[in-house]
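Colleague: Supplied in structure tokens, the structure appears directly below.
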Amino acid sequence: MINANLGFVTKNKTVTYIYGSLPVFSHDVDDLKTFRMISSQLYVNGSASQAEICRAFGVSRISVKRSVKLYREKGMAGFFEKPKCRGPAVLTAPVLEQIQLMLDTEHSIPEIARELSLKADTLRKAVAAGKLHKPKKKIDQTQSFPSGISCKSQRSKADAAAPIGMGATNTFGRLSSSLFHEGPADPDFSSCLDVPNGGVLLGVPALLNMGLLRHTGKYFQLPRGYYGLKSIFLLLALMALARLKTIESLRYCSPGEWGKLLGLDRVPEARTLRAKVRLLTRDNQAVQWSGELSRDWMNMFPESTGVLYIDGHVRVYNGNQTELPRHHVARQRLCLRATTDYWVNAMDGQPFFMVNKAVDPGLLQVLEDEIVPRLEQEVPCQPSLFKREKNPFLPRFTLIFDREGYSPDFMARMWKKRIACQTYHKYPGDDWPESEFQEQEVSLISGHVVKMKLAERGTFLGGKIWIREIRRMNRSGHQTAIISTDFKRNLTIAAAAMFARWSQENFFKYMRENYNLDRVIDYSIEDIPGTTKVVCPLYREADRDVKKLAARLGRKRCECNGIVLCDDIEPDKVVAYEEKKQELLEEVTTMEQDLEDLKTCRRNIPRHVMLSELPAEDQFKKLAMKSKYFIDTIKLIAYRAETAMANIVRRSMRHQNEARNLLRSLYATEADILPDHENNKLTVRIHQPANRCSAVTIKKLCRELNATNTKFPGTNLQLVYELVS
């Protein structure tokens with residue numbers, strides 16, 4: 001009961017209201033809206049009070065008051081209307097219309113979000129809610145493309161169907177070259193989409209600038225044939241950038257796709273390319289070409305030739321063609337059969353030239369006999385004789401090398417030529433007082449500024465020559481001693497130059513890992529002149545015996561000196577001590593006499609003999625270097641080109657040490673090649689990289705490269721680089 005006149009009954013999930021004896025309303029038990037309407041109507045009509053309704057149905061007074069207010073304001077319809085929601089604050093009707101228009105023109109959601117300063121998730125939710133819709137992708141059932149443009153599948157099918165070999169679609173041109181010795185074939189580009197390794201074409205301007213095709217006509221010549229000189233050189237350089245580390249790697253690449261990068265139907269087979277390399281290097285022209293390029297690089301960057309790094313790189317040989325001498329390989333901590341290359345690099349690690357020595361006479365002799373005479377002739381911007389006479393401390397240039405080149409005599413001889421030398425002190429002696437060291441800011445070659453504790457003195461080295469001795473003290477108190485005959489260079493600059501020597505070691509490591517610098521190019525061997533001085537095998541054996549016995553003697557002396565009678569002096573212990581001590585002393589005396597005999601024997605054996613004086617079984621030959629010089633020179637050009645591009649992209653990169661990683665990924669990226677013969681343009685459209693930051697950097701690189709107005713070799717087509725948009 002609600003009151004004396006009004007009641008309700010619940011039956012079969014239906015609530016029925018009874019006034020007197022007659023039913024007047026009914027609704028489902030769960031129909032809350034109808035309940036609120038009826039309860040408010042009963043109150044408004046005076047049939048029941050709010051208190052009676054609250055008591056009968058167990059609802060709150062405020063709930064009844066709200067229902068009554070709604071009934072009085074809107075009537076019964078107010079209980080059933082949809083609740084009002086806040087309108088869109090961002091995706092208003094005009095904005096939705098603009099977004100839909102951009103979607104219809106194939107703009108992506110991230111692009112629209114960036115342009116309109118919206119969140120991409122907001123747009124995705126609108127698409128999911130049906131407020132926006134993406135245009136359906138057009139599926140080309142026939143896989144057809146605009147006239148003259150080919151996709152990868154079409155090119156692959158055409159390459160497989162070529163009548164005279166995989167990818168050899170230019171049948172007429174090849175037959176003409178074979179039968180009538182015509183050629184070479186001129187590059188003829190066609191429109192191609194998704195060419196693998198197309199990004200490597202971005203390196204063409206830098207390769208040409210570094211001299212890839214410079215002086216080639218002067219030193220190289222090929223018989224008339226299908227592949228010309230420019231195509232061969234460009235192919236080898238692009239292979240180096242794309243990290244195809246050997247000529248044999250071409251066997252596992254699509255020849256037709258690589259041919260599209262050169263404007264040809266396909267690239268030569270591995271054996272054909274190797275035969276071309278043999279023809280190009282048969283008269284040792286590569287050494288002359290490399291020397292010419294070295295002089296060009298020095299004149300191109302004269303500021304980098306004031307300080308030169310010289311170091312030997314041990315190139316291990318694992319073959320069985322000949323028994324090369326053993327060298328200590330520091331990176332493997334082993335003595336292995338190898339040959340030594342002496343490299344000359346700039347302060348930033350950029351290479352100039354290399355001198356190979358199958359029989360290593362040592363750094364000092366190679367410097368004095370071969371490297372220094374060459375540098376005297378080739379280093380540009382050397383001070384004139386008048387300036388050197390006016391300033392007695394002015395050097396022509398500075399050589400920096402490691403402890404192997406430590407020699408007061410050598411430094412004195414070099415300074416007579418006014419060539420400064422800088423190296424580590426081999427015998428630094430006692431530490432200097434800490435009070436002499438001052439903390440100074442040192443600018444490294446990379447541009448970073450570090451703080452070092454430095455001190456300097458003048459030293460009369462070996463009673464031969466006055467030098468500067470510079471020491472650096474690290475946090476642990478260890479002092480690194482540097483000696484130099486460069487008296488004009490500032491203390492901090494001299495220290496930075498010495499410690500930047502690791503740029504050359506980094507060059508060796510990078511070239512080994514990325515350009516396969518240690519790879520044997522030609523498996524042939526050559527004779528070594530019989531007058532070449534080599535270490536006598538008998539002397540080597542005697543020297544090994546002396547060192548082995550000297551090491552044993554040292555251990556035995558330590559053992560003898562380690563026996564000390566420190567307990568109570570008892571007769572039994574004293575006797576045992578004296579017997580043991582006497583026994584060890586006798587062994588030491590015997591070993592000392594044996595060591596002296598071995599040294600006498602070693603002194604009677606000549607240390608060096610001529611190669612022709614060795615027994616036949618001890619004689620050896622050297623690895624052929626003609627092809628090696630040629631391929632390595634092209635790798636140096638590729639490395640210099642990559643470095644030039646890395647210097648460009650570093651300007652817009654937050655993590656500058658990742659510049660070369662970006663370039664390596666760029667060289668492996670697919671690209672569209674679109675020639676425009678009417679306007680003499682060759683557009684290389686690079687596919688998008690992994691992230692937007694890289695895309696921005698590559699766009700800036702493309703602008704820099706486009707500003708060079710480079711034409712593709714052998715054509716009148718100007719290269720234009722851009723990203724696929």
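Residue numbers start at 1 in each chain; chains themselves are named A, B, ... in the order of the structure tokens; ligands are numbered from 1 in the order shown.
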Which residues are close to Trp289 of chain A, i.e. within 10 Å by only C-alpha atoms, leaving aside same-chain residues fewer than 3 positions away? Reply as a list in words.
Modeller: Arg214, His215, Thr216, Lys218, Tyr219, Phe220, Asn284, Gln285, Ala286, Glu292, Leu293, Ser294, Tyr629, Phe630 and Thr633 of chain A
Colleague: Applying 6 Å and only C-alpha atoms, which residues near segment 512-519 of chain A remain after dropping the ones on its own chain fewer than 3 positions away? List them as a ChimeraX atom specification.
Modeller: /A:245,315,509
Colleague: Quote the spacing between atom CA of Lys681 of chain A and atom CA of Ser725 of chain A in Å to one decimal place.
Modeller: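 Atom CA of Ser725 of chain A lies 18.6 Å from atom CA of Lys681 of chain A.
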Colleague: To one decimal in Å, tell me the separation between atom CA of Gly530 of chain A and atom CA of Gln321 of chain A.
Modeller: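 That distance, rounded to one decimal, is 18.7 Å.
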Colleague: Excluding segment 73-84 of chain A and its own-chain neighbours fewer than 4 positions away, which residues fall within 8 Å of it when counting only C-alpha atoms? Please give them as JSON, numbers by chain.
Modeller: {"A": [33, 34, 36, 37, 69]}
Colleague: What lies within 7 Å of Lys453 of chain A using only C-alpha atoms, ignoring chain neighbours under 5 positions off, as JSON, numbers by chain?
Modeller: {"A": [437, 438, 439, 440, 472, 473]}
Colleague: Output as a PyMOL selection string all residues of segment 235-481 of chain A that backbone DSSP marks as strand (DSSP E).
Modeller: chain A and resi 307-316+326-329+334-345+351-357+398-400+420-424+438-443+449-461+465-473+479-481
Colleague: Looking only at alpha helix (DSSP H) from DSSP on the backbone, list the matching residues of segment 315-471 of chain A as an mmCIF file with C-alpha atoms, in the first residue's frame.
Modeller:
data_model
loop_
_atom_site.group_PDB
_atom_site.id
_atom_site.type_symbol
_atom_site.label_atom_id
_atom_site.label_comp_id
_atom_site.auth_asym_id
_atom_site.auth_seq_id
_atom_site.Cartn_x
_atom_site.Cartn_y
_atom_site.Cartn_z
ATOM 1 C CA LEU A 363 108.795 1.574 -40.096
ATOM 2 C CA LEU A 364 111.905 3.744 -39.901
ATOM 3 C CA GLN A 365 113.482 2.388 -43.063
ATOM 4 C CA VAL A 366 110.227 2.585 -45.041
ATOM 5 C CA VAL A 372 109.454 10.851 -46.797
ATOM 6 C CA PRO A 373 110.994 11.381 -50.293
ATOM 7 C CA ARG A 374 107.536 11.107 -51.792
ATOM 8 C CA LEU A 375 105.976 13.499 -49.278
ATOM 9 C CA GLU A 376 108.744 16.041 -49.864
ATOM 10 C CA GLN A 377 107.662 16.191 -53.496
ATOM 11 C CA GLU A 378 103.873 15.950 -53.092
ATOM 12 C CA LEU A 385 113.259 28.142 -48.233
ATOM 13 C CA PHE A 386 113.239 31.872 -47.449
ATOM 14 C CA LYS A 387 110.604 31.420 -44.733
ATOM 15 C CA ARG A 388 112.438 28.442 -43.252
ATOM 16 C CA GLU A 389 115.683 30.403 -43.071
ATOM 17 C CA LYS A 390 113.888 33.340 -41.483
ATOM 18 C CA PRO A 408 116.642 10.093 -31.748
ATOM 19 C CA ASP A 409 118.931 9.581 -34.773
ATOM 20 C CA PHE A 410 115.980 9.429 -37.172
ATOM 21 C CA MET A 411 114.346 12.499 -35.638
ATOM 22 C CA ALA A 412 117.646 14.391 -35.949
ATOM 23 C CA ARG A 413 118.017 13.402 -39.614
ATOM 24 C CA MET A 414 114.415 14.438 -40.345
ATOM 25 C CA TRP A 415 114.857 17.809 -38.630
ATOM 26 C CA LYS A 416 117.868 18.532 -40.851
#
Colleague: Using only C-alpha atoms, which protein or nucleic acid residues come within 12 Å of Ser153 of chain A? Drop anything in the same chain fewer than 3 positions from it, and give the result as a list in words.
Modeller: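 The neighbour list is Gln143, Ser144, Phe145, Ile149, Ser150, Ser156, Lys157, Ala158, Asp159, Ala160, Cys192, Leu193, Asp194, Val195, Gly256 and Glu257 of chain A.
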Colleague: Any chance you can output those residues with C-alpha atoms as a PDB file, in the first residue's frame?
Modeller:
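The result, stored in again_23.pdb:
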ATOM      1  CA  GLN A 143      49.534  -5.261 -63.231  1.00  0.00           C
ATOM      2  CA  SER A 144      49.917  -2.671 -65.935  1.00  0.00           C
ATOM      3  CA  PHE A 145      51.861   0.552 -65.526  1.00  0.00           C
ATOM      4  CA  ILE A 149      57.574   2.350 -66.958  1.00  0.00           C
ATOM      5  CA  SER A 150      58.420  -1.161 -65.761  1.00  0.00           C
ATOM      6  CA  SER A 156      62.427 -10.073 -63.992  1.00  0.00           C
ATOM      7  CA  LYS A 157      60.236 -11.787 -66.588  1.00  0.00           C
ATOM      8  CA  ALA A 158      62.013  -9.982 -69.428  1.00  0.00           C
ATOM      9  CA  ASP A 159      65.456 -10.839 -68.010  1.00  0.00           C
ATOM     10  CA  ALA A 160      64.566 -14.516 -67.777  1.00  0.00           C
ATOM     11  CA  CYS A 192      62.058   1.668 -63.772  1.00  0.00           C
ATOM     12  CA  LEU A 193      60.276   1.355 -60.442  1.00  0.00           C
ATOM     13  CA  ASP A 194      61.620  -0.231 -57.251  1.00  0.00           C
ATOM     14  CA  VAL A 195      65.192  -0.864 -58.422  1.00  0.00           C
ATOM     15  CA  GLY A 256      69.538  -6.941 -64.825  1.00  0.00           C
ATOM     16  CA  GLU A 257      68.660  -4.829 -61.791  1.00  0.00           C
TER      17      GLU A 257
END
Colleague: Looking at only C-alpha atoms, which of A:Arg489, A:Asp341, A:Val267, A:Gly312 is the one that sits closest to Pro395 of chain A?
Modeller: A:Arg489
Colleague: Taking 2 positions as the minimum chain separation for residues in the same chain, which residues sit within 10 Å of Phe401 of chain A when counting only C-alpha atoms? Answer as an MDAnalysis selection string.
Modeller: chainID A and resid 308:312 363:364 399 403:406 421:424 498 501
Colleague: Write out as number ranges by chain each polymer residue whose atoms come within 10 Å of Pro537 of chain A, counting only C-alpha atoms; drop sequence neighbours fewer than 4 positions from it.
Modeller: A: 541-543, 605-609, 614-615, 618
Colleague: Store the residues picked out above in a file with N, CA, C and O atoms, as a compact mmCIF listing (two decimals), in the first residue's frame.
Modeller:
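Wrote result10.txt, looks like this:
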# COMPACT_ATOMS: atom_id res chain seq x y z
N GLU A 541 116.41 -18.62 -35.17
CA GLU A 541 116.38 -19.74 -34.22
C GLU A 541 117.26 -19.44 -33.01
O GLU A 541 116.87 -19.70 -31.86
N ALA A 542 118.47 -18.89 -33.25
CA ALA A 542 119.36 -18.56 -32.14
C ALA A 542 118.74 -17.48 -31.25
O ALA A 542 118.83 -17.55 -30.01
N ASP A 543 118.10 -16.51 -31.86
CA ASP A 543 117.46 -15.44 -31.09
C ASP A 543 116.31 -15.99 -30.26
O ASP A 543 116.10 -15.58 -29.11
N ILE A 605 126.37 -15.17 -36.03
CA ILE A 605 125.47 -15.44 -37.16
C ILE A 605 124.99 -14.09 -37.71
O ILE A 605 124.53 -13.24 -36.95
N PRO A 606 125.08 -13.84 -39.00
CA PRO A 606 124.58 -12.58 -39.55
C PRO A 606 123.06 -12.48 -39.38
O PRO A 606 122.33 -13.46 -39.60
N ARG A 607 122.61 -11.31 -38.98
CA ARG A 607 121.17 -11.15 -38.73
C ARG A 607 120.39 -11.13 -40.03
O ARG A 607 119.28 -11.67 -40.11
N HIS A 608 120.90 -10.48 -41.04
CA HIS A 608 120.21 -10.40 -42.32
C HIS A 608 121.09 -11.00 -43.41
O HIS A 608 122.31 -10.84 -43.40
N VAL A 609 120.44 -11.69 -44.33
CA VAL A 609 121.12 -12.23 -45.51
C VAL A 609 120.25 -11.91 -46.72
O VAL A 609 119.07 -11.55 -46.59
N LEU A 614 119.41 -17.87 -49.12
CA LEU A 614 118.66 -18.82 -48.30
C LEU A 614 118.56 -20.16 -49.02
O LEU A 614 118.59 -20.24 -50.26
N PRO A 615 118.41 -21.26 -48.27
CA PRO A 615 118.14 -22.55 -48.90
C PRO A 615 116.83 -22.49 -49.68
O PRO A 615 115.95 -21.67 -49.39
N ASP A 618 113.56 -22.41 -47.83
CA ASP A 618 113.26 -21.23 -47.01
C ASP A 618 112.94 -20.00 -47.85
O ASP A 618 112.52 -18.97 -47.30
Colleague: Quick check, in Å to one decimal: how far apart do atom CA of Arg468 of chain A and atom CA of Phe487 of chain A lie?
Modeller: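 Straight-line distance from atom CA of Arg468 of chain A to atom CA of Phe487 of chain A works out to 7.0 Å.
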Colleague: For a quick check of understanding, using only C-alpha atoms, which of A:Arg685, A:Lys13, A:Lys134, A:Lys119 has the smallest distance to Gln100 of chain A?
Modeller: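 Result for the nearest residue to Gln100 of chain A: A:Lys134.
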Colleague: Check the smallest atom-to-atom distance from each of A:Ser627, A:Ser503, A:Thr171, A:Ser612 to Thr281 of chain A using only C-alpha atoms, then report the winner.
Modeller: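 With only C-alpha atoms as the atom set, the closest residue is A:Ser627.
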Colleague: Of the candidates A:Ala56, A:Thr600, A:Leu202, A:Ile400, which one gets nearest to Glu722 of chain A if we count only C-alpha atoms?
Modeller: A:Leu202
